Amino acid sequence: MEGREEAELCAGLVRTESTDPGTYEGALEAQVRAWLEGRVRRAGLEDVVRFRELEALPGRPCLSACVPGRDGSCEGALVFCCHMDTVVVGDGWSADVDPFGGEVRDGLLYGRGACDMKGGLACALLAFDDLLRSVSQARWESGCHGTCVCSGDAPSADDRSWLPRRPLMMLLTVDEEDFMRGIEAVLDAGWLDDGCWVVDTEPTDGRARVSHKGRTWFEVDVRGVTAHASTPWEGADAVASAAEFVCRLRSSVLALPEHPELGRSTVTFGQVEGGYRPYVVPDRAHVWIDMRLVPPADTALAERLVADALAGAAEAVPGTGGSYTVTGDRPPVERDPGSRLLAALEVASEAVTGSPAPVDVFTGYTDTAVMAAATGNLEFLSYGPGSLEVAHKPDEHVPVADLVRVRRVLSALAADCCL
């Protein structure tokens with residue numbers, strides 16, 4: 001049956017819980033490492049492939065496996081980047097759907113993380129294995145049967161022709177669904193260099209998504225003065241001031257310039273708390289804010305808008321005042337129209353599907369966006385199975401046909417770029 005290998009691997013990953021917060025990624029990382037080591041042994045490349053682990057957070061290791069290039073290094077690699085954590089299960093699942101069952105029904109594989117992003121992880125692993133087999137075959141045909149490398153380190157200078165032109169790396173990260181501390185630890189450790197081409201396998205609906213709105217988070221505290229609700233003039237209503245603040249900030253953000261590709265900046269007031277009794281003028285309110293910013297807007301501008309909105313609210317509700325904290329700062333990332341990685345992905349997609357992958361923006365923020373923003377390396381994109389619209393939702397699922405397509409496109413991409 002077409003898709004059996006892809007579905008079985010994805011289902012096995014789904015059955016290993018890696019919720020964040022929750023069980024986290026330790027068990028899944030051990031499972032994936034064992035799978036990779038088994039495929040490396042089968043290919044006879046134990047003396048070639050290099051594994052690294054990095055404990056980004058206690059008990060939460062990132063993992064990489066790299067097939068080095070002909071110069072013996074892993075610099076300038078094509079990187080398949082996949083996060084191992086999922087969001088929590090949550091409520092609302094159908095009674096007959098096990099969030100960790102990995103069951104296939106009518107061509108859809110169900111389970112928490114099936115779409116975001118264990119389906120993509122399965123595709124990347126299988127594409128990595130496809131390249132292992134190609135390298136193994138090239139090694140055999142070259143007459144180098146296990147004696148042409150030096151103690152598991154770099155290949156000898158005389159016998160490198162069977163190695164890839166460009167290295168290929170599997171990179172597995174933690175904490176993507178929370179603060180993205182896994183990819184930050186990887187960057188701090190120097191695992192990725194400026195010459196890398198990085199593909200994450202987030203769900204993209206068959207599209208290559210290559211640009212991101214920025215993501216800036218704020219927490220805002222509004223202070224007032226308590227009083228009896230029957231004599232509100234004796235106090236200062238912090239909730240009323242927070243409402244003024246919300247309206248002013250929303251209007252300011254919506255008035256920002258539109259970007260030709262990324263569209264408009266947005267603001268969401270995800271959570272609001274305030275007061276402590278319905279018959280007391282509230283002396284406090286707390287607001288959590290998520291801004292998605294497009295150039296030329298950035299966090300510095302957003303801070304000015306927040307400060308101005310707080311000042312306006314304090315003027316509208318005398319006796320109140322406020323302060324803010326920036327709790328998240330991810331700058332927007334625009335695409336490079338001359339990206340060689342994107343061009344290669346389009347060629348691979350056309351070879352497999354008959355047409356190049358359409359190019360689009362990514363509405364969320366990914367590990368590769370963190371990499372691009374931190375390093376300035378714009379050779380990055382997202383391409384993976386499934387739809388972002390079903391990620392994080394009850395009855396999350398991924399089409400098995402998507403797994404097949406993406407595995408084949410990634411394999412073609414690796415062959416074109418590396419061999």
# chains A, B, ... in the order shown; residues from 1 in each chain; ligands from 1

call {"tool": "residues_around", "arguments": {"residues": "Arg15 (chain A)", "least_positions_apart": "6", "cutoff": "12 Å", "atoms": "only C-alpha atoms", "output": "MDAnalysis selection string"}}
result
chainID A and resid 8:9 27:28 31 98:103 109:114 118

call {"tool": "residues_around", "arguments": {"residues": "region 348-354 of chain A", "least_positions_apart": "2", "cutoff": "6 Å", "atoms": "only C-alpha atoms", "output": "PDB file with C-alpha atoms, in the first residue's frame"}}
result
ATOM      1  CA  LEU A 345      12.568  23.279  -3.644  1.00  0.00           C
ATOM      2  CA  GLU A 346      10.453  24.437  -6.567  1.00  0.00           C
ATOM      3  CA  PRO A 356       6.482  23.940  -8.435  1.00  0.00           C
ATOM      4  CA  ALA A 357       5.299  24.516  -4.891  1.00  0.00           C
ATOM      5  CA  VAL A 409       9.926  16.123  -2.494  1.00  0.00           C
ATOM      6  CA  ALA A 412      14.433  14.886  -4.452  1.00  0.00           C
ATOM      7  CA  LEU A 413      15.637  18.114  -2.829  1.00  0.00           C
TER       8      LEU A 413
END

call {"tool": "atom_distance", "arguments": {"atom1": "CA of Val280 (chain A)", "atom2": "CA of Pro232 (chain A)"}}
result
8.4 Å

call {"tool": "closest_atom_pairs", "arguments": {"of": "region 304-365 of chain A", "to": "region 213-226 of chain A", "cutoff": "6 Å", "atoms": "only C-alpha atoms", "output": "JSON lines"}}
result
{"residue": "A:Thr320", "atom": "CA", "partner": "A:Gly224", "partner_atom": "CA", "distance": 4.6}
{"residue": "A:Gly321", "atom": "CA", "partner": "A:Arg223", "partner_atom": "CA", "distance": 5.3}
{"residue": "A:Gly322", "atom": "CA", "partner": "A:Val222", "partner_atom": "CA", "distance": 4.2}
{"residue": "A:Ser323", "atom": "CA", "partner": "A:Asp221", "partner_atom": "CA", "distance": 5.4}
{"residue": "A:Tyr324", "atom": "CA", "partner": "A:Val220", "partner_atom": "CA", "distance": 4.3}
{"residue": "A:Thr325", "atom": "CA", "partner": "A:Glu219", "partner_atom": "CA", "distance": 5.3}
{"residue": "A:Val326", "atom": "CA", "partner": "A:Phe218", "partner_atom": "CA", "distance": 4.6}
{"residue": "A:Thr327", "atom": "CA", "partner": "A:Trp217", "partner_atom": "CA", "distance": 5.2}
{"residue": "A:Gly328", "atom": "CA", "partner": "A:Trp217", "partner_atom": "CA", "distance": 4.6}
{"residue": "A:Asp329", "atom": "CA", "partner": "A:Thr216", "partner_atom": "CA", "distance": 4.6}
{"residue": "A:Arg330", "atom": "CA", "partner": "A:Arg215", "partner_atom": "CA", "distance": 4.9}
{"residue": "A:Pro331", "atom": "CA", "partner": "A:Gly214", "partner_atom": "CA", "distance": 4.4}
{"residue": "A:Pro332", "atom": "CA", "partner": "A:Gly214", "partner_atom": "CA", "distance": 3.6}

call {"tool": "residues_around", "arguments": {"residues": "region 376-379 of chain A", "least_positions_apart": "6", "cutoff": "7 Å", "atoms": "only C-alpha atoms", "output": "JSON, numbers by chain"}}
result
{"A": [194, 197, 198, 335, 336, 339, 341]}

call {"tool": "write_last_selection", "arguments": {"atoms": "all heavy atoms", "output": "CSV table (one decimal), in the first residue's frame"}}
result
chain,number,residue,atom,x,y,z
A,194,ASP,N,26.5,30.1,8.5
A,194,ASP,CA,25.8,31.1,7.6
A,194,ASP,C,25.6,30.4,6.2
A,194,ASP,O,24.8,31.0,5.5
A,194,ASP,CB,26.7,32.3,7.4
A,194,ASP,CG,26.7,33.2,8.7
A,194,ASP,OD1,25.9,33.0,9.5
A,194,ASP,OD2,27.6,34.0,8.8
A,197,TRP,N,21.5,25.7,4.4
A,197,TRP,CA,20.1,25.9,3.8
A,197,TRP,C,19.2,25.1,4.7
A,197,TRP,O,19.4,23.9,4.9
A,197,TRP,CB,20.1,25.3,2.4
A,197,TRP,CG,20.8,26.1,1.4
A,197,TRP,CD1,21.7,27.1,1.6
A,197,TRP,CD2,20.9,25.8,0.0
A,197,TRP,NE1,22.2,27.5,0.4
A,197,TRP,CE2,21.7,26.8,-0.6
A,197,TRP,CE3,20.2,24.9,-0.9
A,197,TRP,CZ2,22.0,26.8,-2.0
A,197,TRP,CZ3,20.5,24.9,-2.2
A,197,TRP,CH2,21.3,25.9,-2.8
A,198,VAL,N,18.2,25.7,5.3
A,198,VAL,CA,17.4,25.1,6.4
A,198,VAL,C,15.9,25.0,6.0
A,198,VAL,O,15.3,26.0,5.7
A,198,VAL,CB,17.6,25.9,7.7
A,198,VAL,CG1,16.9,25.1,8.8
A,198,VAL,CG2,19.0,26.1,8.0
A,335,ARG,N,11.3,37.4,2.9
A,335,ARG,CA,12.0,36.4,2.0
A,335,ARG,C,13.0,37.1,1.1
A,335,ARG,O,12.9,38.2,0.7
A,335,ARG,CB,11.0,35.6,1.2
A,335,ARG,CG,10.3,36.4,0.1
A,335,ARG,CD,9.7,35.4,-0.9
A,335,ARG,NE,8.7,36.0,-1.7
A,335,ARG,CZ,8.5,35.5,-3.0
A,335,ARG,NH1,9.2,34.5,-3.4
A,335,ARG,NH2,7.5,36.1,-3.7
A,336,ASP,N,14.0,36.2,0.7
A,336,ASP,CA,15.0,36.6,-0.3
A,336,ASP,C,14.5,36.2,-1.6
A,336,ASP,O,14.4,35.0,-1.9
A,336,ASP,CB,16.3,35.9,0.1
A,336,ASP,CG,17.4,36.2,-1.0
A,336,ASP,OD1,17.1,37.0,-1.9
A,336,ASP,OD2,18.5,35.6,-0.8
A,339,SER,N,16.5,33.5,-3.4
A,339,SER,CA,16.9,32.3,-2.6
A,339,SER,C,17.2,31.1,-3.5
A,339,SER,O,16.3,30.6,-4.2
A,339,SER,CB,15.8,32.0,-1.6
A,339,SER,OG,16.0,30.7,-1.0
A,341,LEU,N,17.8,28.1,-2.2
A,341,LEU,CA,17.0,27.0,-1.6
A,341,LEU,C,15.6,26.9,-2.1
A,341,LEU,O,15.1,25.9,-2.5
A,341,LEU,CB,17.0,27.1,-0.1
A,341,LEU,CG,16.1,26.1,0.7
A,341,LEU,CD1,16.5,24.7,0.4
A,341,LEU,CD2,16.2,26.5,2.2

call {"tool": "atom_distance", "arguments": {"atom1": "CA of Arg292 (chain A)", "atom2": "CA of Val267 (chain A)"}}
result
6.4 Å

call {"tool": "select_by_dssp", "arguments": {"residues": "region 177-239 of chain A", "states": "strand (DSSP E or B)", "output": "PyMOL selection string"}}
result
chain A and resi 197-200+208-212+214-223+225+228+236

call {"tool": "residues_around", "arguments": {"residues": "Ser411 (chain A)", "least_positions_apart": "6", "cutoff": "8 Å", "atoms": "only C-alpha atoms", "output": "list in words"}}
result
Ala127, Phe128, Asp130 and Leu131 of chain A

call {"tool": "write_last_selection", "arguments": {"atoms": "N, CA and C atoms", "output": "PDB file, in the first residue's frame"}}
result
ATOM      1  N   ALA A 127      13.419  10.874   4.229  1.00  0.00           N
ATOM      2  CA  ALA A 127      14.234  11.498   3.191  1.00  0.00           C
ATOM      3  C   ALA A 127      15.711  11.429   3.559  1.00  0.00           C
ATOM      4  N   PHE A 128      16.034  11.610   4.832  1.00  0.00           N
ATOM      5  CA  PHE A 128      17.417  11.462   5.299  1.00  0.00           C
ATOM      6  C   PHE A 128      17.902  10.042   5.040  1.00  0.00           C
ATOM      7  N   ASP A 130      16.768   8.022   2.759  1.00  0.00           N
ATOM      8  CA  ASP A 130      16.938   7.849   1.314  1.00  0.00           C
ATOM      9  C   ASP A 130      18.336   8.303   0.889  1.00  0.00           C
ATOM     10  N   LEU A 131      18.802   9.422   1.451  1.00  0.00           N
ATOM     11  CA  LEU A 131      20.137   9.890   1.094  1.00  0.00           C
ATOM     12  C   LEU A 131      21.204   8.956   1.655  1.00  0.00           C
TER      13      LEU A 131
END
